[in-house]
Amino acid sequence: MKPGDLVRNKNSESGELGIFVGRRKFKNSRGKEYYYVCSEVYWPQRKKVGTIQTNLIELVKEQF
């Protein structure tokens, strides 16, 4: 996935759609070598950007 791609929240019963913004890396409290990476998505219905586990979204349409 790349920024601008249309994605679907697989966890949403309504099939919520959003626009993939990118990935975000968080430091784990265990030390510098452990990181948690998730996706950032703009959700138009919520009117905000939120983080979500990457495996919980699927690509609907690539940006041209």
# chains A, B, ... in the order shown; residues from 1 in each chain; ligands from 1
$ select_by_dssp --residues "chain A" --states "strand (DSSP E or B)" --output "VMD selection string"
chain A and resid 6 to 9 17 to 28 31 to 43 48 to 52 57 to 61
$ residues_around --residues "Arg46 of chain A" --least-positions-apart "5" --cutoff "12 Å" --atoms "only C-alpha atoms" --output "number ranges by chain"
A: 16-18, 41
$ write_last_selection --atoms "C-alpha atoms" --output "PDB file, in the first residue's frame"
ATOM      1  CA  GLU A  16     -15.786   1.390   6.454  1.00  0.00           C
ATOM      2  CA  LEU A  17     -13.551   2.921   3.776  1.00  0.00           C
ATOM      3  CA  GLY A  18     -10.553   5.154   4.313  1.00  0.00           C
ATOM      4  CA  VAL A  41      -5.625   5.900   7.733  1.00  0.00           C
TER       5      VAL A  41
END
$ residues_around --residues "Tyr35 of chain A" --least-positions-apart "6" --cutoff "8 Å" --atoms "only C-alpha atoms" --output "list of chain:residue names"
A:Lys25, A:Phe26, A:Lys27, A:Asn28
$ atom_distance --atom1 "atom CA of Val60 of chain A" --atom2 "atom CA of Val37 of chain A"
21.1 Å
$ atom_distance --atom1 "atom CA of Gln53 of chain A" --atom2 "atom CA of Ser29 of chain A"
18.4 Å
$ closest_residue --among "A:Tyr42, A:Asn11, A:Ile52, A:Lys2" --to "Arg24 of chain A" --atoms "only C-alpha atoms"
A:Ile52
$ atom_distance --atom1 "atom CA of Arg8 of chain A" --atom2 "atom CA of Lys47 of chain A"
15.5 Å
$ closest_residue --among "A:Leu6, A:Ile19, A:Leu59, A:Met1" --to "Trp43 of chain A" --atoms "only C-alpha atoms"
A:Ile19
$ closest_residue --among "A:Gln45, A:Gly50, A:Glu40, A:Asn9" --to "Val21 of chain A" --atoms "only C-alpha atoms"
A:Glu40
